[in-house]
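> Got a structure for you, written out below as structure tokens; questions coming shortly.
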Amino acid sequence: MKEKVEKRGFIFACTEKSEAEFLEKLIFATNKVYAHKVFAIRKGDFVFLYNLDTDIIYGTFRAKTDGLYDRNLSIFNGRYPYYVEVEPEDKIQKIKNASKIFKKLNISWRSILNDKGIETLKMLISNTTAKEIKLNGIYNLEDNLFRPPIFSTTLWDYPKQSYGDTPKGNNKYPGVTPAFIIYNLLYRYTEPGDLVCDPMAGSGTTIDVCKEEKRKVIAFDIVPTRKDIIQADARNLPLKDESVDMIFIDSPYGDNIRYNEHPLNIGHIPATDERFFDELEKVMKEAYRVLKDGKVLAWLIGDQWAKGVFIPVGFKVYERLTKYFEPVDIICVVRRNQSSNTPFWHSKAIQHNFYLRGFKYLIIVRKMTKRKRKENLKIKWSYYER
Ligand SMILES: C[S@@+](CC[C@H](N)C(=O)[O-])C[C@H]1O[C@@H](n2cnc3c(N)ncnc32)[C@H](O)[C@@H]1O
């Protein structure tokens, strides 16, 4: 039986200046802010054009291509490198007062529309005399879980480990990384075509996210769980110096999870033992070696509370990281669906006065550029007599 492929609806914004060029070339383009939306477009999806100045929506178009990226795209002097080629489904029609329509339908032009949303917008555009919209947001017209948001604050929270219609990693793997974290990092710190490395790849979440977002990826683990993960120790990677554009690491947080029995698995050392941090520091040094100048390493880590002892693993990892890298930021990632999220553990935590882990740290650091390193060395220290 042929699988039913879900179609989605996308609204591109334009201005009075750009409208003519978009409609003439039948290329709808945008910048980095909406890049993640463009890469969600598949050939055959429905597309609309919204003029922000005149408040008019044009439709209906179909995507002739998947969402694409071309940093040399001539449209609008290369300012909009993310684009899709479209063709009108029929005669191009338009409807005024779009913002009122969006409000009534409880959507925005930034929404990704589901079947019902596409149908509603198409119906409104083809019937330009429709004055009264009776729907008033009674339906959910958006496909909210298809693409995670790009977060603008340091608090990242998403309801599920994965998103979209293809698997990302394996949510049965102990300690699997929430895919939206890698997705957000890619849009912040890389460009399509960049090479991303995950030295502790586990079930391969980084690989799946990178492929879908058109980034190259190379992944290692001490015990590979799939063919596209290379067997290697994260402290000694088979990579050239300064060869990757971003590194993502979700390391063990101590010995709380039994990933595998390999003797070189760092997850056999408890976080109460300083050797655990010494071994992670070797991973950091190796990451520094293979990362290109000015590029980012993001490290996901959680604190440990075990057998009555609290270990601030996040702070300790941050301390070690900043021996080599300069800090960029720290994100608080909300923990969901962890095994201790049960009434049993909640009552234990209150009864015995301890806390269940509610968040992880995503520590983002950067390898200083050579120029910056040189400038730092040039600082002349003055000594003043007391
Ligand atoms: C938290 S898991 C990674 C989860 C992964 N990001 C995913 O989404 O499935 C940590 C991983 O580190 C790996 N690991 C532990 N010590 C290692 C080492 N010395 N070199 C490479 N990988 C190692 C473990 O085998 C485990 O798969």
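Residues are named by chain letter and number: chains run A, B, ... in the order of the structure tokens, numbers start at 1 in each chain, and ligands are numbered from 1 in the order shown.
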Write as JSON, numbers by chain the residues around ligand 1, taking 9 Å as the cut-off and counting only C-alpha atoms and all ligand atoms.

{"A": [168, 169, 170, 171, 172, 173, 174, 175, 176, 177, 178, 179, 198, 199, 200, 201, 202, 203, 204, 205, 206, 220, 221, 222, 223, 224, 225, 231, 232, 233, 234, 235, 236, 237, 248, 249, 250, 251, 252, 253, 257, 258, 259, 260, 261, 262, 263, 264, 265, 266, 267, 268, 279, 280, 283, 300, 301]}

> What lies within 9 Å of Ile27 (chain A) using only C-alpha atoms, ignoring chain neighbours under 3 positions off, as a list in words?

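The residues that qualify are Glu21, Phe22, Leu23, Glu24, Ile75, Tyr83, Val84, Glu85, Val86 and Glu87 of chain A.
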
> Any idea what's packed within 12 Å of Asp55 (chain A), counting only C-alpha atoms, ignoring anything in its chain fewer than 4 positions away? Could you give it as a PyMOL selection string?

chain A and resi 13-16+19+49-51+94-102+109

> Go ahead and write the residues just picked, C-alpha atoms, as a PDB file, in the first residue's frame.


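The new file part_2.pdb reads:
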ATOM      1  CA  ALA A  13       6.526  37.074   3.950  1.00  0.00           C
ATOM      2  CA  CYS A  14       7.442  39.795   1.474  1.00  0.00           C
ATOM      3  CA  THR A  15       7.280  43.584   1.382  1.00  0.00           C
ATOM      4  CA  GLU A  16       6.134  46.055  -1.259  1.00  0.00           C
ATOM      5  CA  GLU A  19       6.703  41.221  -3.910  1.00  0.00           C
ATOM      6  CA  LEU A  49       2.863  34.720  -0.068  1.00  0.00           C
ATOM      7  CA  TYR A  50       2.026  37.396   2.485  1.00  0.00           C
ATOM      8  CA  ASN A  51       2.827  41.040   1.842  1.00  0.00           C
ATOM      9  CA  LYS A  94      -5.413  37.272  -3.320  1.00  0.00           C
ATOM     10  CA  ILE A  95      -7.248  38.287  -0.203  1.00  0.00           C
ATOM     11  CA  LYS A  96      -6.962  41.540   1.769  1.00  0.00           C
ATOM     12  CA  ASN A  97      -6.878  42.152   5.536  1.00  0.00           C
ATOM     13  CA  ALA A  98      -4.777  39.063   6.096  1.00  0.00           C
ATOM     14  CA  SER A  99      -3.843  39.978   9.670  1.00  0.00           C
ATOM     15  CA  LYS A 100      -7.529  39.906  10.693  1.00  0.00           C
ATOM     16  CA  ILE A 101      -7.894  36.508   9.055  1.00  0.00           C
ATOM     17  CA  PHE A 102      -4.824  35.158  10.826  1.00  0.00           C
ATOM     18  CA  TRP A 109       2.179  33.856   8.963  1.00  0.00           C
TER      19      TRP A 109
END

> Quick one: pick out all helix (DSSP H, G or I) residues within region 123-286 of chain A from a backbone DSSP run and write them as a count of residues only.

39

> Rounded to one decimal, what separation in Å do you get between CA of Gly254 (chain A) and CA of Ala271 (chain A)?

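For CA of Gly254 (chain A) relative to CA of Ala271 (chain A), the distance reads 4.4 Å.
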
> Among the residues of region 39-165 of chain A, find those DSSP assigns to strand (DSSP E) from the backbone and print them as a PyMOL selection string.

chain A and resi 46-51+56-63+68-69+82-95+112-113+155-156

> Name the residues in contact with region 325-338 of chain A at a cut-off of 8 Å, using only C-alpha atoms, excluding same-chain residues fewer than 4 positions from it; report them as a ChimeraX atom specification.

/A:154-160,288,321,357-368

> If you keep N, CA and C atoms, can you produce a file of those selected residues as a PDB file, in the first residue's frame?


ATOM      1  N   THR A 154      17.310  31.650  27.135  1.00  0.00           N
ATOM      2  CA  THR A 154      18.199  30.592  27.623  1.00  0.00           C
ATOM      3  C   THR A 154      17.433  29.470  28.324  1.00  0.00           C
ATOM      4  N   LEU A 155      16.105  29.468  28.189  1.00  0.00           N
ATOM      5  CA  LEU A 155      15.312  28.358  28.733  1.00  0.00           C
ATOM      6  C   LEU A 155      14.719  27.578  27.570  1.00  0.00           C
ATOM      7  N   TRP A 156      15.169  26.337  27.398  1.00  0.00           N
ATOM      8  CA  TRP A 156      14.709  25.522  26.267  1.00  0.00           C
ATOM      9  C   TRP A 156      13.833  24.393  26.797  1.00  0.00           C
ATOM     10  N   ASP A 157      12.624  24.364  26.291  1.00  0.00           N
ATOM     11  CA  ASP A 157      11.675  23.351  26.740  1.00  0.00           C
ATOM     12  C   ASP A 157      10.864  22.883  25.542  1.00  0.00           C
ATOM     13  N   TYR A 158      10.815  21.576  25.357  1.00  0.00           N
ATOM     14  CA  TYR A 158      10.069  21.010  24.235  1.00  0.00           C
ATOM     15  C   TYR A 158       9.449  19.703  24.725  1.00  0.00           C
ATOM     16  N   PRO A 159       8.191  19.440  24.357  1.00  0.00           N
ATOM     17  CA  PRO A 159       7.500  18.311  25.007  1.00  0.00           C
ATOM     18  C   PRO A 159       8.031  16.923  24.670  1.00  0.00           C
ATOM     19  N   LYS A 160       8.756  16.786  23.548  1.00  0.00           N
ATOM     20  CA  LYS A 160       9.107  15.419  23.132  1.00  0.00           C
ATOM     21  C   LYS A 160      10.603  15.275  22.817  1.00  0.00           C
ATOM     22  N   TYR A 288      39.005  20.468  21.213  1.00  0.00           N
ATOM     23  CA  TYR A 288      39.707  21.716  20.895  1.00  0.00           C
ATOM     24  C   TYR A 288      40.624  21.516  19.681  1.00  0.00           C
ATOM     25  N   LEU A 321      35.953  23.198  30.958  1.00  0.00           N
ATOM     26  CA  LEU A 321      35.818  23.663  29.560  1.00  0.00           C
ATOM     27  C   LEU A 321      36.478  25.023  29.363  1.00  0.00           C
ATOM     28  N   ARG A 357      16.138  15.774  39.513  1.00  0.00           N
ATOM     29  CA  ARG A 357      16.766  16.695  38.530  1.00  0.00           C
ATOM     30  C   ARG A 357      15.702  17.231  37.567  1.00  0.00           C
ATOM     31  N   GLY A 358      15.531  18.540  37.513  1.00  0.00           N
ATOM     32  CA  GLY A 358      14.502  19.143  36.647  1.00  0.00           C
ATOM     33  C   GLY A 358      15.069  19.763  35.383  1.00  0.00           C
ATOM     34  N   PHE A 359      16.416  19.897  35.333  1.00  0.00           N
ATOM     35  CA  PHE A 359      17.003  20.537  34.146  1.00  0.00           C
ATOM     36  C   PHE A 359      18.418  20.025  33.911  1.00  0.00           C
ATOM     37  N   LYS A 360      18.896  20.277  32.693  1.00  0.00           N
ATOM     38  CA  LYS A 360      20.301  20.008  32.357  1.00  0.00           C
ATOM     39  C   LYS A 360      20.917  21.313  31.884  1.00  0.00           C
ATOM     40  N   TYR A 361      22.245  21.345  31.904  1.00  0.00           N
ATOM     41  CA  TYR A 361      22.953  22.501  31.352  1.00  0.00           C
ATOM     42  C   TYR A 361      23.364  22.189  29.927  1.00  0.00           C
ATOM     43  N   LEU A 362      23.184  23.160  29.064  1.00  0.00           N
ATOM     44  CA  LEU A 362      23.799  23.062  27.745  1.00  0.00           C
ATOM     45  C   LEU A 362      24.850  24.165  27.730  1.00  0.00           C
ATOM     46  N   ILE A 363      26.104  23.747  27.873  1.00  0.00           N
ATOM     47  CA  ILE A 363      27.193  24.730  27.978  1.00  0.00           C
ATOM     48  C   ILE A 363      27.732  24.981  26.570  1.00  0.00           C
ATOM     49  N   ILE A 364      27.684  26.229  26.141  1.00  0.00           N
ATOM     50  CA  ILE A 364      28.147  26.560  24.787  1.00  0.00           C
ATOM     51  C   ILE A 364      29.439  27.371  24.906  1.00  0.00           C
ATOM     52  N   VAL A 365      30.497  26.848  24.282  1.00  0.00           N
ATOM     53  CA  VAL A 365      31.805  27.526  24.343  1.00  0.00           C
ATOM     54  C   VAL A 365      32.372  27.647  22.927  1.00  0.00           C
ATOM     55  N   ARG A 366      33.349  28.507  22.778  1.00  0.00           N
ATOM     56  CA  ARG A 366      33.920  28.748  21.457  1.00  0.00           C
ATOM     57  C   ARG A 366      35.446  28.638  21.505  1.00  0.00           C
ATOM     58  N   LYS A 367      36.012  28.100  20.443  1.00  0.00           N
ATOM     59  CA  LYS A 367      37.469  28.088  20.327  1.00  0.00           C
ATOM     60  C   LYS A 367      37.872  29.468  19.806  1.00  0.00           C
ATOM     61  N   MET A 368      38.670  30.150  20.574  1.00  0.00           N
ATOM     62  CA  MET A 368      39.080  31.506  20.176  1.00  0.00           C
ATOM     63  C   MET A 368      39.766  31.518  18.823  1.00  0.00           C
TER      64      MET A 368
END

> Give me, as a list in words, all polymer residues having an atom no more than 10 Å from Thr190 (chain A), counting only C-alpha atoms and skipping those fewer than 6 positions away in the same chain.

Val196, Arg215, Asp245, Met246, Lys295 and Val296 of chain A

> CA of Glu142 (chain A) and CA of Ile112 (chain A), how far apart in Å?

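Computing it gives 5.6 Å between the two atoms.
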
> Go ahead and compute the interatomic distance for CA of Ile182 (chain A) and CA of Leu68 (chain A), in Å to one decimal.

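Atom-to-atom, CA of Ile182 (chain A) and CA of Leu68 (chain A) are spaced 20.0 Å apart.
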
> May I have the residues within 10 Å of Glu119 (chain A) as an MDAnalysis selection string, using only C-alpha atoms and disregarding those fewer than 6 positions away in the same chain?

chainID A and resid 9 46 113 141

> Show which residues sit within 9 Å of Pro148 (chain A), as a list in words. Count only C-alpha atoms, and ignore same-chain residues fewer than 3 positions away.

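In the requested form, the answer reads His36, Asn144, Leu145, Phe151, Tyr158, Tyr163, Gly164, Phe180, Tyr183 and Asn184 of chain A.
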